[in-house]
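Below is one structure; the comments refer to it alone.
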Number of protein chains: 2
Amino acid sequence: MSPSPTAALPTAPDRPKATAAASAASAAAPLQVRRIGIDTYRENVAFLRRDCPVYRAEGFQALSKVEVSANGTSILAVLNVVDALDHAALIGECELGLSEEAFAQLGLAEGAGVRIAHAEPPASIVSLKRKIGGERLDADELAAIVRDIATHRYSKIELAAFIVATSRFDLDRDEVLNLTAAMVAVGRRLDWKEKPVVDKHCIGGIPGNRTSMLVVPIVAAHGMLMPKTSSRAITSPAGTADTMECLATVELPFDRMEAIVRAHRACLAWGGRAELSPADDVLISVSRPLSVDSPGQMVASILSKKIAAGSTHLVLDIPLGPTAKVRHMDDAQRLKKLFEYVATRSGLQLDAVITDGRQPVGRGVGPALEARDVLKVLHNDPDAPADLRLKALRLAGRVLEFDPDLRGGDGFNVARDILDSGRALAKMSALIAAQGARPFDRHRPPLAPLTCEVTAAAAGTVIGIHNEQIARIARLAGAPKAQGAGVDLARKLGERVQAGEPLYRIYAASGSELQFARSAAAQDSGYTVGDAAAVPQVFAEL
Amino acid sequence: MSPSPTAALPTAPDRPKATAAASAASAAAPLQVRRIGIDTYRENVAFLRRDCPVYRAEGFQALSKVEVSANGTSILAVLNVVDALDHAALIGECELGLSEEAFAQLGLAEGAGVRIAHAEPPASIVSLKRKIGGERLDADELAAIVRDIATHRYSKIELAAFIVATSRFDLDRDEVLNLTAAMVAVGRRLDWKEKPVVDKHCIGGIPGNRTSMLVVPIVAAHGMLMPKTSSRAITSPAGTADTMECLATVELPFDRMEAIVRAHRACLAWGGRAELSPADDVLISVSRPLSVDSPGQMVASILSKKIAAGSTHLVLDIPLGPTAKVRHMDDAQRLKKLFEYVATRSGLQLDAVITDGRQPVGRGVGPALEARDVLKVLHNDPDAPADLRLKALRLAGRVLEFDPDLRGGDGFNVARDILDSGRALAKMSALIAAQGARPFDRHRPPLAPLTCEVTAAAAGTVIGIHNEQIARIARLAGAPKAQGAGVDLARKLGERVQAGEPLYRIYAASGSELQFARSAAAQDSGYTVGDAAAVPQVFAEL
C-alpha cells in the first residue's frame, strides 16, 4: 500500500462519524456462534450462510480470511459459505459456525455473540512472497512468519506456499538456524535445572524402528536424565507414543510427567500436550500430506522441539537406504552437517549417526507388534529381533558416552551390560508402573482378529523390503489407531524363501481395512525376491 | 514403490479369496450420500463421522484423499472428520456428506449408496515433486498434471505447491507453451468456422478498466467477429461480466450465445458456463488468494482460454504502473515476449500492448458505476471519462487493424468514426436487446444507498492513486455482488484538490460494508497528494 501522508481521513457528511461509530457499537455481536463438529485439522474454518442478513457472505468470498471477535478475544478463520438446503441448513441465518479447533480457540459458549470482519493478511505474507521470489529472509522476518503460523494466521494454501518456497536447500544454514530459534521462541520451553539432559531422535521413515523404548530405560538405568517425549504417528503406522501406549498411559499432565522424571530419571510420554513447538505442529499438518523433501524444515522442526524440551545433548539417527527418507550418502552427509551447524550454534551438543535404513527394524510393524518386539529385547528372549537389539545398544552407547565419566568407545559395552543384567527391564517396568501400567502379554500380544498371509511366488533371497510400502500396508490395515493392526514380517533382507512361504502376515481390525491392506499388497507386496548377490549394501556407521 | 517382479500376490489362507471378494461385494455401498450445503470453492470435500461403524475415519485421517464411488462413477475428495456433538450431528453414522461441488460432480440423488476407498495419490504428483525439486517438465508430464488438476484430483495444498513451484520464471518458455497446450486439451474448444475471430484481453489489476464493453461494439459494428466471453470478478471489484450484467443477461446457454454471435457478430457474455479451461478454473481458486507473481501461469491461463474460445487474433493489454500488476518496463517487456512466444507457436496472432496503468481508468469502480461510465462514452456524453474513451479507441484500433483491408495506422480513426457516429451505441443496444435487456438509466444509475465521502486533508496535486487500495475499498463496500456498490473517483492523477474537497465517494449496500470500506479508507485512502512535479511518468505505448 502506498503511503498517503497528505491524504485525508475519510469523513462522512451524511452520517457524522460519532453516530456511525455508535450505530456500529449497537449493532455489535450480531451473530451467534455455533460449534460445528468438523475436524479441519489445524485450520480454523468459519461457516457463514450465503443469505446472512447482517454480512454479505459473498462479499467475504469463499476462502477469504475473517477475524471472528467477541469481548476482546479474536481468532482468524478461513470462511466457508453455507447454502441453506431444502431439508435442512447447517447453521441459521444469523449464526456463525466454527470448526472444532476454531471453536476451542475462541473459547466462548455456544450462542455467544460474535462479530466478523475482513482479516488483514498477516503482515509476514510480504516476507513469504519475498521467499517465494527466491530472496533470503533475515531473523526478524522468519520470527514474524513463525509467530503468524503459530497463531493460525496462515491458511493451508499459504502454509503450502511457505513449505515449497523453503524446500530443497532453499533456506541457507543461517536461515535454518534463525527459523529454529523462531520456532523455539513461540513455544513453551522446559528447564530441567541440571545437565546433561539427553535425548535420542530418529528422522523417521523406517517402520518398526522403536529404539527409543530401549535406549531410554538403558540410559536412565545408568542414571542419566532422559525425559523423552515422543510424537504419535502422523503418516507412519506407529510412533513411539502409540507403541508405548500399549504398555502404559502416555498422555500425562506436565506436573505428573515432571514428578516421574524426578523419581526415575526418565519418562516415555506423548509430547503433544507440551505445546513445545506450536508453529511446527501447524506446519506439519500441511508438510506431511505434501511430503516435500525439505532438509531445512526437518532440521528446524526436530531441533526446535529438542531445545524447547530442555535437551542439552542429542543423538540423532539418520537412516540411509534405497527406500529410506535419505537415499544417498552425500545427501546424508549434507543433512548431518546442517544438523550439526544449527545444533552447535543453538547450544545443543549433537552426535548425528548415519544408520542402516535398508529395511524395517525388528519384525513387527504396528503398535502392539512393535511393543512385543521391544519387550522381547528387554526380557532377553532368545527370539527377540537381533537387529532391533543391536541398533538400540549402539544408539544407547552413543548417548551414554555423553557421560563425562565414560571412556570414549565404552558406551556399547555399558549399554549391553545394563540390558543383559535386566536393569533396563527393571527401569522400564518402573516407568510403566509410574505412568500407569496397561496389561500386555508379549507371548500373546493383543493382535487384531482379521488376518491374511502374503507369500512368495518363487524361491529366492529377499533383496528388497520397501519401507514406505510396508508402512502403507500396515496403515491401511488400521495401524496405529487399531493398536493390534499391522504387519508382522516373516523374512528380512538376505533371508531365503521358498515359493508359497510367507513373507509377512497382515493383521486388521475390520473387514474393510483387511480388504484395503490386502489390495495394496496385491498391487505391490513391498518385497523383492531375487539373487543373493543383489542384496543392497549400505555403508552406514551403524 | 519398488518393483517386486518375483514377489507373490497375497493369498488369504484363512479366508479364501473368492469368499473375501464376495463378502466385499455384499457389503457394497454401505454409506448413504448426503448433500452438505458448504461451498468449499472448487475443492471436493467429503464428511465422514469419526464413529462411522463401517470405515474407521481416523484410519483415513483428516485431509487424506478418498475415492467416493457408486455405480461405476467416482470422484476424489479430501476427507473431513465429523464428530457427533451433544445436540446435533452434521451427518448420521452411516452417511457420507459431500460439499456442493462434490455432490454435483458425483451426480447421485441424496440417500444413494456409496463406497469409499483410500485414493491413490494422482500419478502426476511424482512430476510435481520433480518440479518442486527445480527440474524441467516435459509435455507429457505437464499434460498429466493438468488432467489431474482438471478432474479435481489435486488438493488445495498440492495446487498451492504447483503454483509456487512454477512461479516467477520457474517455467521456461517451452514449459509455458506445453502447459498452455495441456490446458486447452482438457477443456472444450469452440470453432467459429471463419477467420479472423478477434478478441481483446487485459491482464488485470486496474480498477474501472472496462474497455471491452466499448471495443466489442466498435469492432462488431465494423463487421468483425468478436464473440467475447468474460469472467466475473474474483479479487477485483468488477469484471466485465459483472458490469455487463447491469445492462443485460450475461449467463447465456451456449446455443443462445452462438445464435447472438451469428446475428450480431459479437456478444458480451459470461464465460463461466463454457468450461473452456477447467484446469485453469481450479488453479485460479488457489492462485488468486495466494496472489503469487507467476508470468508462466498468467500466460498459460489467458492464452489457453483464448485458444479454447476459438480466437485467432488477440490484442493484449499489459498495464504498467507503480501499483499495477507489472511495475517495471523490463518486466513488461519480458512478459510481452513470453506471451508472443507462446501465442505464435500456438497459432494465435497476438498484438501485445503495454499501456498506462498508473491509476484506475474512468471514474467509477464497481459494476453500476462502471456501466454508467461505459454508457456515457457510447452516448458521447460531454462528461464521459476521456481516459476510458481514448484507451478503448486505441485498443479497438489495434483490433480493427487485424482486418486485412485496413491500412496499418488507420484503426484508431475508424474506431473513432464508429463511436462518434453512434454506430457503436447502436451495436451495443442490439447486443443488449439480444442478450435480454435490463433497465439502466446512465443519468440515474442504481447506486447503493449508503454513502460517505473521502476528502483531501490538504491542498495539492494528486500524485498517486493506488490501484489495489481503491479496488480493496470498493470490494469492502460490497462490489461486485452489490451491483451499486463501489467507489466514484472525483479526482484523477495530476488534478488539483483543495483541503476538504472530495477525493472519492464510497457507495455501500449495507451498514457493515460501509463501515468496512470506511475503516480501510481511514487507514489508507489510496490517494497521495503532493507537488505537481511528482506525478509519476509512464512511458507506455498507449
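Ordering of the C-alpha cells sets the chain letters (A, B, ...), residue numbers begin anew at 1 in every chain, and ligands are numbered from 1 in the order given.
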Report task. Write down as a VMD selection string the residues belonging to segment 34-170 of chain B that are assigned strand (DSSP E or B) by DSSP computed on the backbone. Result -> chain B and resid 34 to 35 38 to 39 45 to 49 65 to 70 73 to 82 95 to 98 113 to 118
Can you write out the residues you just picked, keeping C-alpha atoms, as a compact mmCIF listing (two decimals), in the first residue's frame?
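Listed below is the output, selection.txt:
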```
# COMPACT_ATOMS: atom_id res chain seq x y z
CA ARG B 34 -25.83 -36.66 1.73
CA ARG B 35 -25.52 -33.19 0.29
CA ILE B 38 -21.00 -25.99 2.08
CA ASP B 39 -19.28 -24.15 -0.74
CA VAL B 45 -14.71 -32.31 0.50
CA ALA B 46 -16.29 -35.45 1.95
CA PHE B 47 -17.52 -35.61 5.53
CA LEU B 48 -17.35 -38.88 7.47
CA ARG B 49 -18.35 -39.48 11.09
CA LYS B 65 -7.79 -38.17 -0.09
CA VAL B 66 -10.65 -40.66 -0.60
CA GLU B 67 -12.30 -42.02 -3.69
CA VAL B 68 -16.09 -41.97 -3.42
CA SER B 69 -17.73 -44.40 -5.82
CA ALA B 70 -21.09 -45.83 -6.79
CA THR B 73 -18.84 -43.28 -11.28
CA SER B 74 -16.35 -41.97 -8.79
CA ILE B 75 -14.86 -38.71 -7.56
CA LEU B 76 -11.90 -37.82 -5.39
CA ALA B 77 -12.42 -35.74 -2.26
CA VAL B 78 -10.48 -34.54 0.75
CA LEU B 79 -11.82 -36.10 3.94
CA ASN B 80 -13.04 -34.02 6.88
CA VAL B 81 -13.78 -35.99 10.02
CA VAL B 82 -17.05 -35.11 11.74
CA GLU B 95 -23.82 -41.18 5.93
CA LEU B 96 -21.16 -39.60 3.77
CA GLY B 97 -21.57 -35.84 3.42
CA LEU B 98 -20.41 -34.09 0.26
CA GLY B 113 -25.39 -45.84 -1.64
CA VAL B 114 -21.68 -45.07 -1.96
CA ARG B 115 -18.43 -46.74 -1.02
CA ILE B 116 -15.18 -45.03 -0.11
CA ALA B 117 -11.62 -46.16 -0.51
CA HIS B 118 -8.21 -44.67 0.02
```
Requested in this report: List the neighbours of Ser510 of chain A out to 12 Å using only C-alpha atoms; skip same-chain residues closer than 5 positions along the sequence, and give me the result as a PyMOL selection string.
Outcome: (chain A and resi 448-451+476-479+481-482+484-485+515-517) or (chain B and resi 24+53-56+59)
**Report entry** Spatial neighbours of Arg173 of chain B, max dist 8 Å, only C-alpha atoms, sep filter under 3 positions, as a PyMOL selection string
**Finding:** chain B and resi 176-177+296+338+341-342
Requested in this report: Please run DSSP on the backbone and report, as JSON, numbers by chain, all residues within segment 409-501 of chain B that come out as alpha helix (DSSP H).
Outcome: {"B": [411, 412, 413, 414, 415, 416, 417, 418, 419, 420, 423, 424, 425, 426, 427, 428, 429, 430, 431, 432, 433, 434, 435, 467, 468, 469, 470, 471, 472, 473, 474, 475, 476]}
Report summary line: A straight line from atom CA of Ala368 of chain A to atom CA of Ala490 of chain A spans 16.3 Å
Query raised in the report: Can you tell me, as a PyMOL selection string, what residues are no more than 12 Å from segment 382-390 of chain B when counting only C-alpha atoms, ignoring any on the same chain fewer than 6 positions away?
Result: chain B and resi 206-215+218+355-357+359-364+369-376+396-397+412-413+415-416+419-420+442-443+488-493+542
Report summary line: Min atom-atom distance to chain A from the set B:Pro445, B:Pro367, B:Gly530, B:Gly223, counting only C-alpha atoms, belongs to B:Gly530
